[in-house]
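So this block is run_33.tsv, TSV, C-alpha atoms and all ligand atoms:
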chain	number	residue	atom	x	y	z
S	1	VAL	CA	0.00	0.00	0.00
S	2	VAL	CA	2.81	2.38	0.93
S	3	ALA	CA	4.49	1.74	-2.43
S	4	VAL	CA	1.23	2.40	-4.29
S	5	LEU	CA	0.64	5.62	-2.36
S	6	GLY	CA	4.24	6.66	-2.95
S	7	ALA	CA	3.90	6.02	-6.67
S	8	ALA	CA	0.61	7.95	-6.75
S	9	ALA	CA	2.21	10.87	-4.88
S	10	ALA	CA	5.16	10.85	-7.29
S	11	LEU	CA	2.82	10.82	-10.30
S	12	PHE	CA	0.81	13.65	-8.78
S	13	ALA	CA	3.98	15.67	-8.16
S	14	ILE	CA	5.13	15.12	-11.76
S	15	ALA	CA	1.69	16.07	-13.12
S	16	ALA	CA	1.61	19.19	-10.91
S	17	GLY	CA	5.12	20.09	-12.05
S	18	VAL	CA	4.20	19.70	-15.72
S	19	PHE	CA	1.02	21.73	-15.14
S	20	LEU	CA	2.83	24.57	-13.35
S	21	GLY	CA	5.60	24.46	-15.96
S	22	SER	CA	3.04	24.88	-18.73
S	23	ILE	CA	1.51	27.86	-16.92
S	24	PHE	CA	4.71	29.74	-16.27
S	25	GLY	CA	6.11	28.74	-19.67
S	26	SER	CA	3.09	30.52	-21.17
S	27	PHE	CA	4.20	33.77	-19.54
S	28	PRO	CA	6.12	36.12	-21.81
S	29	THR	CA	9.60	37.35	-20.96
S	30	PRO	CA	9.50	41.10	-20.14
S	31	GLN	CA	11.16	43.28	-22.79
S	32	GLY	CA	13.30	45.04	-20.17
S	33	ALA	CA	13.38	47.08	-16.97
S	34	LEU	CA	12.41	50.18	-18.98
S	35	VAL	CA	10.54	49.87	-22.27
S	36	LYS	CA	10.41	53.03	-24.37
S	37	SER	CA	8.04	53.29	-27.30
S	38	GLY	CA	7.34	56.73	-28.73
S	39	GLN	CA	6.22	58.90	-25.82
S	40	ILE	CA	5.36	56.08	-23.44
S	41	VAL	CA	7.64	54.29	-21.01
S	42	GLY	CA	6.98	50.94	-19.37
S	43	VAL	CA	8.56	50.36	-15.96
S	44	ASP	CA	8.99	46.74	-14.83
S	45	THR	CA	8.06	46.76	-11.14
S	46	GLY	CA	9.25	43.20	-10.50
S	47	GLY	CA	7.12	41.18	-12.90
S	48	ALA	CA	4.40	43.63	-13.93
S	49	TYR	CA	4.62	46.80	-16.01
S	50	VAL	CA	3.46	50.28	-15.06
S	51	TRP	CA	3.08	52.53	-18.12
S	52	ILE	CA	3.91	56.23	-18.00
S	53	VAL	CA	2.13	58.55	-20.43
S	54	PRO	CA	3.38	62.15	-20.34
S	55	THR	CA	1.07	65.17	-20.47
S	56	SER	CA	1.98	68.62	-21.84
S	57	ASP	CA	2.00	70.25	-18.38
S	58	HIS	CA	5.00	68.09	-17.38
S	59	GLY	CA	2.73	65.65	-15.60
S	60	VAL	CA	1.94	62.03	-16.37
S	61	VAL	CA	-0.84	59.47	-16.33
S	62	LEU	CA	0.03	55.97	-15.09
S	63	ILE	CA	-1.49	52.76	-16.34
S	64	ASP	CA	-1.56	50.29	-13.42
S	65	GLY	CA	0.17	50.49	-10.05
S	66	GLY	CA	2.58	47.55	-10.32
S	67	ILE	CA	3.63	44.81	-7.93
S	68	ASP	CA	5.96	46.83	-5.66
S	69	PRO	CA	4.05	48.43	-2.74
S	70	ASP	CA	6.62	51.27	-2.66
S	71	ALA	CA	6.68	51.61	-6.47
S	72	ILE	CA	10.35	52.52	-6.21
S	73	ALA	CA	11.21	52.09	-9.91
S	74	VAL	CA	8.11	54.07	-10.91
S	75	HIS	CA	8.89	57.00	-8.59
S	76	GLU	CA	12.46	57.02	-9.98
S	77	ALA	CA	11.21	57.12	-13.57
S	78	LEU	CA	8.85	60.03	-12.77
S	79	PHE	CA	11.64	62.53	-11.96
S	80	GLY	CA	9.22	64.41	-9.72
S	81	ARG	CA	6.48	64.86	-12.33
S	82	LYS	CA	2.91	65.16	-11.07
S	83	VAL	CA	0.76	62.05	-11.52
S	84	HIS	CA	-2.71	63.14	-12.68
S	85	ALA	CA	-4.29	59.70	-12.36
S	86	ILE	CA	-3.67	55.97	-12.25
S	87	LEU	CA	-5.82	53.87	-14.58
S	88	LEU	CA	-6.03	50.23	-13.45
S	89	THR	CA	-6.46	47.57	-16.12
S	90	HIS	CA	-7.78	45.28	-13.35
S	91	GLY	CA	-7.67	44.57	-9.65
S	92	HIS	CA	-5.14	41.74	-9.34
S	93	GLY	CA	-2.50	42.44	-6.70
S	94	ASP	CA	0.45	42.60	-9.11
S	95	HIS	CA	-1.23	45.53	-10.89
S	96	VAL	CA	-2.55	47.30	-7.79
S	97	ALA	CA	0.05	47.02	-5.00
S	98	GLY	CA	1.86	50.27	-5.93
S	99	ILE	CA	-1.19	52.57	-5.72
S	100	GLY	CA	-0.72	52.90	-1.96
S	101	SER	CA	2.41	54.96	-2.63
S	102	PHE	CA	0.29	57.54	-4.56
S	103	PRO	CA	-2.28	58.49	-1.88
S	104	ASP	CA	-3.03	61.91	-3.44
S	105	THR	CA	-3.68	60.55	-6.94
S	106	PRO	CA	-7.14	59.47	-8.11
S	107	VAL	CA	-7.23	55.82	-9.13
S	108	TYR	CA	-9.69	54.62	-11.77
S	109	ALA	CA	-10.79	51.04	-12.45
S	110	GLY	CA	-13.26	49.46	-14.87
S	111	PRO	CA	-16.98	48.81	-14.31
S	112	GLY	CA	-17.55	46.69	-11.19
S	113	GLU	CA	-13.84	46.27	-10.40
S	114	LEU	CA	-13.56	48.33	-7.19
S	115	PRO	CA	-14.52	45.50	-4.76
S	116	LEU	CA	-11.60	43.47	-6.14
S	117	VAL	CA	-9.27	46.48	-5.97
S	118	ARG	CA	-10.23	47.02	-2.34
S	119	GLY	CA	-9.86	43.33	-1.51
S	120	ASP	CA	-13.54	43.01	-0.53
S	121	VAL	CA	-13.88	40.04	-2.89
S	122	LEU	CA	-11.39	37.43	-4.08
S	123	PRO	CA	-10.63	36.84	-7.75
S	124	LYS	CA	-12.08	33.61	-9.18
S	125	GLY	CA	-9.00	32.30	-11.03
S	126	LEU	CA	-7.52	29.19	-9.39
S	127	LEU	CA	-4.02	30.63	-8.86
S	128	ALA	CA	-5.16	34.28	-8.80
S	129	GLN	CA	-6.97	33.38	-5.57
S	130	VAL	CA	-3.82	31.93	-4.01
S	131	PHE	CA	-1.80	35.07	-4.85
S	132	ALA	CA	-4.62	37.34	-3.64
S	133	ARG	CA	-4.44	35.74	-0.19
S	134	LEU	CA	-0.66	36.24	-0.08
S	135	MET	CA	-0.56	39.87	-1.22
S	136	PRO	CA	-1.65	42.68	1.11
S	137	ARG	CA	-4.10	45.22	-0.33
S	138	PRO	CA	-3.07	48.86	-0.29
S	139	ALA	CA	-5.61	51.21	1.22
S	140	HIS	CA	-6.35	54.14	-1.11
S	141	PRO	CA	-8.57	57.14	-0.33
S	142	ASP	CA	-9.62	58.03	-3.89
S	143	LEU	CA	-10.84	55.04	-5.90
S	144	ARG	CA	-13.17	55.82	-8.81
S	145	GLU	CA	-15.14	53.61	-11.18
S	146	ALA	CA	-14.87	54.38	-14.89
S	147	ARG	CA	-17.77	53.66	-17.26
S	148	ASN	CA	-17.49	51.63	-20.43
S	149	GLY	CA	-16.90	54.04	-23.32
S	150	GLU	CA	-16.02	56.93	-21.01
S	151	LEU	CA	-13.30	59.30	-22.18
S	152	LEU	CA	-10.94	60.11	-19.31
S	153	THR	CA	-9.00	63.31	-20.02
S	154	PHE	CA	-6.02	64.60	-18.05
S	155	ASP	CA	-4.42	67.79	-19.32
S	156	ASP	CA	-3.99	67.15	-23.09
S	157	GLN	CA	-4.22	63.33	-23.00
S	158	SER	CA	-7.41	61.27	-23.33
S	159	PHE	CA	-8.04	57.61	-22.71
S	160	GLU	CA	-11.14	55.72	-23.83
S	161	VAL	CA	-12.33	53.02	-21.43
S	162	VAL	CA	-13.20	49.66	-23.00
S	163	HIS	CA	-14.74	47.19	-20.56
S	164	LEU	CA	-13.27	43.71	-21.18
S	165	PRO	CA	-14.81	41.34	-18.61
S	166	GLY	CA	-13.19	37.92	-18.39
S	167	HIS	CA	-9.70	38.06	-16.92
S	168	THR	CA	-11.56	39.75	-14.06
S	169	ALA	CA	-15.15	41.02	-14.03
S	170	GLY	CA	-14.12	44.65	-14.31
S	171	SER	CA	-11.03	44.36	-16.52
S	172	ALA	CA	-10.65	47.28	-18.90
S	173	ALA	CA	-8.39	48.40	-21.70
S	174	TYR	CA	-7.53	52.08	-22.16
S	175	LEU	CA	-7.25	53.33	-25.73
S	176	TRP	CA	-4.70	56.07	-26.32
S	177	GLY	CA	-3.74	56.96	-29.90
S	178	ASP	CA	-3.00	53.70	-31.69
S	179	VAL	CA	-2.15	51.97	-28.40
S	180	ALA	CA	-4.42	49.80	-26.27
S	181	PHE	CA	-3.22	49.31	-22.70
S	182	THR	CA	-4.53	45.80	-22.16
S	183	GLY	CA	-3.20	44.62	-18.78
S	184	ASP	CA	-3.63	40.83	-18.66
S	185	SER	CA	-6.61	40.67	-21.04
S	186	LEU	CA	-4.19	40.49	-23.97
S	187	LEU	CA	-0.42	39.93	-23.90
S	188	GLY	CA	2.17	39.87	-26.67
S	189	HIS	CA	4.11	36.62	-26.74
S	190	ASP	CA	6.48	35.19	-29.38
S	191	GLY	CA	5.04	37.09	-32.34
S	192	ALA	CA	1.47	36.38	-31.28
S	193	VAL	CA	-1.04	37.63	-28.74
S	194	ALA	CA	-3.08	35.80	-26.10
S	195	PRO	CA	-4.80	36.46	-22.79
S	196	VAL	CA	-3.06	35.44	-19.57
S	197	HIS	CA	-3.46	31.71	-18.72
S	198	TRP	CA	-6.91	30.55	-17.53
S	199	VAL	CA	-5.67	29.67	-14.02
S	200	PHE	CA	-5.31	33.42	-13.40
S	201	ALA	CA	-8.63	34.34	-15.03
S	202	ASP	CA	-12.15	34.66	-13.67
S	203	ASP	CA	-13.47	33.40	-17.02
S	204	TYR	CA	-11.04	32.75	-19.89
S	205	ASN	CA	-13.73	32.24	-22.55
S	206	GLN	CA	-15.42	35.49	-21.58
S	207	ASN	CA	-11.99	37.14	-21.90
S	208	LEU	CA	-11.83	35.86	-25.51
S	209	ASP	CA	-15.37	37.15	-26.21
S	210	SER	CA	-14.35	40.56	-24.86
S	211	LEU	CA	-11.40	40.63	-27.23
S	212	ARG	CA	-13.90	40.52	-30.12
S	213	VAL	CA	-15.20	43.82	-28.73
S	214	LEU	CA	-11.67	45.20	-28.54
S	215	LEU	CA	-11.16	44.27	-32.19
S	216	LYS	CA	-13.91	46.76	-33.14
S	217	THR	CA	-11.81	49.66	-31.79
S	218	ASP	CA	-8.95	51.14	-33.81
S	219	PHE	CA	-5.83	50.24	-31.86
S	220	GLU	CA	-2.82	48.87	-33.74
S	221	ARG	CA	-0.39	48.16	-30.88
S	222	ILE	CA	-0.76	46.97	-27.32
S	223	ALA	CA	1.20	47.87	-24.20
S	224	ASP	CA	0.41	45.05	-21.80
S	225	GLY	CA	0.86	44.09	-18.17
S	226	HIS	CA	3.78	41.68	-18.41
S	227	ALA	CA	5.51	41.55	-21.82
S	228	GLY	CA	5.91	45.14	-23.04
S	229	VAL	CA	4.86	46.76	-26.31
S	230	HIS	CA	3.61	44.56	-29.13
S	231	ASP	CA	3.44	46.01	-32.65
S	232	GLY	CA	1.04	44.37	-35.07
S	233	ALA	CA	-1.25	43.40	-32.19
S	234	ARG	CA	-4.43	43.95	-34.23
S	235	LYS	CA	-3.29	41.52	-36.93
S	236	HIS	CA	-2.25	38.97	-34.32
S	237	LEU	CA	-5.54	39.34	-32.45
S	238	LEU	CA	-7.41	38.60	-35.70
S	239	GLU	CA	-5.35	35.40	-36.02
S	240	LEU	CA	-6.11	34.44	-32.41
S	241	LEU	CA	-9.86	34.88	-32.82
S	242	LYS	CA	-10.41	33.36	-36.27
D	301	ZN	ZN	-4.17	39.69	-13.76
Now that the file is in, can you turn its structure into C-alpha cells?
Amino acid sequence: VVAVLGAAAALFAIAAGVFLGSIFGSFPTPQGALVKSGQIVGVDTGGAYVWIVPTSDHGVVLIDGGIDPDAIAVHEALFGRKVHAILLTHGHGDHVAGIGSFPDTPVYAGPGELPLVRGDVLPKGLLAQVFARLMPRPAHPDLREARNGELLTFDDQSFEVVHLPGHTAGSAAYLWGDVAFTGDSLLGHDGAVAPVHWVFADDYNQNLDSLRVLLKTDFERIADGHAGVHDGARKHLLELLK
C-alpha cells in the first residue's frame, strides 16, 4: 500500500510540475526594466509593467500600479512629475500594489472592479486566488469607477475606457492613440497575442469574447501588463480569434 501511495504521490507531483511548468512557460519574458516606445515608457516593477504617459504640463498618467508596494522604480522614472491619475487595467495584486504609494492621486478602475481592488472580494481564477491571499491590499482614499466608453481626459491626453470582462469582471483596456493598454486581457508573446493563462482568469472564454469587442476599436499596438509593447497586435488578435 505504501508503495502504491508513494507512486501515486510521485505521479501527482510530476503532473503538478508539468502543469505549473506549462503555466509559467506561457508567460512572456518582459522586454526590459524600462521599455520606451514613442512617448510612453513601461517600468517593470518586478514582474508587472506600469506605463507612464506624459502630459503637456510636465505631468503624467500611469497605467496600473505595479507589484511593488513602494513603487520605487516608478517614482524614480517620474523625476518628480505630477501624476494626474492611475488607470487600473484590473484589480489583481500585481497591478494594484503600488497605488498605496500615490495616496493623493485618483485611481480609476473598470466597471464593477472596485470590490476586487479594495480586496472586498477574491478573484475567481484558481491561482489568482492563491496570490490574492498572499498579497496585502493597499488602502487608497480616492478610488473611482470608470464607465465603459467613457473618455478620461487629463491635461492634453485622453483615454477611452473599453470594458473587457473575463480576466476579471471589471477588466478594462484604455485606448490612447493607436495603443491599447490591455493589462492581462491580452499579452504579446512570441510574435502572437493571447490572454493570460486561464488559471489566473475569472473566465477565460469570456476574456476571448471581450477581445472581439476590442477588435472593433482602432488600436494597432498593445502595451500590456507583463511583456511590453507589441506592434502588429491587431493583426495577431485577428489570427487568435479566427
Ligand atoms: Zn491579472
Find the residues of chain S that sit at most 7 Å from ligand ZN 301 (chain D); for each, write down the nearest two atoms and how far apart they are in Å, to one decimal. Count all atoms listed in the file. Sort by chain, then by number going up, and give it as a tab-separated table.
residue	atom	partner	partner_atom	distance
S:His90	CA	D:ZN301	ZN	6.7
S:His92	CA	D:ZN301	ZN	5.0
S:His167	CA	D:ZN301	ZN	6.6
S:Asp184	CA	D:ZN301	ZN	5.1
S:Phe200	CA	D:ZN301	ZN	6.4
Using only C-alpha atoms, the residue out of S:Asn207, S:Thr29, S:Thr217, S:Gln129 with shortest distance to Val162 (chain S) is S:Thr217
Tell me, as an MDAnalysis selection string, which residues lie within 8 Å of Leu237 (chain S), counting all atoms listed in the file; anything in the same chain fewer than 5 positions away does not count. chainID S and resid 192:194 211 215
Write out as an MDAnalysis selection string which residues come within 8 Å of Tyr108 (chain S) when counting only C-alpha atoms, dropping same-chain ones fewer than 4 positions away. chainID S and resid 85:88 143:146
May I ask which of the residues S:Val50, S:Leu62, S:Val179, S:Val130 is the closest one to Ser37 (chain S), counting all atoms listed in the file?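 Among S:Val50, S:Leu62, S:Val179, S:Val130, it is S:Val179 that comes nearest to Ser37 (chain S).
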Nearby residues (only C-alpha atoms) at most 8 Å from region 43-46 of chain S, same-chain spacing under 5 positions excluded, as a short mmCIF file (atom, residue, chain, number, x, y, z; two decimals) with C-alpha atoms, in the frame of the given file:
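Here's the written file result.cif:
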data_model
loop_
_atom_site.label_atom_id
_atom_site.label_comp_id
_atom_site.auth_asym_id
_atom_site.auth_seq_id
_atom_site.Cartn_x
_atom_site.Cartn_y
_atom_site.Cartn_z
CA PRO S 30 9.50 41.10 -20.14
CA GLY S 32 13.30 45.04 -20.17
CA ALA S 33 13.38 47.08 -16.97
CA LEU S 34 12.41 50.18 -18.98
CA VAL S 35 10.54 49.87 -22.27
CA TRP S 51 3.08 52.53 -18.12
CA ILE S 52 3.91 56.23 -18.00
CA GLY S 66 2.58 47.55 -10.32
CA ILE S 67 3.63 44.81 -7.93
CA ASP S 68 5.96 46.83 -5.66
CA ALA S 71 6.68 51.61 -6.47
CA ILE S 72 10.35 52.52 -6.21
CA ALA S 73 11.21 52.09 -9.91
CA VAL S 74 8.11 54.07 -10.91
CA ALA S 77 11.21 57.12 -13.57
#
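Reported to one decimal place, the separation of CA of Gly80 (chain S) from CA of Gly98 (chain S) is 16.4 Å.
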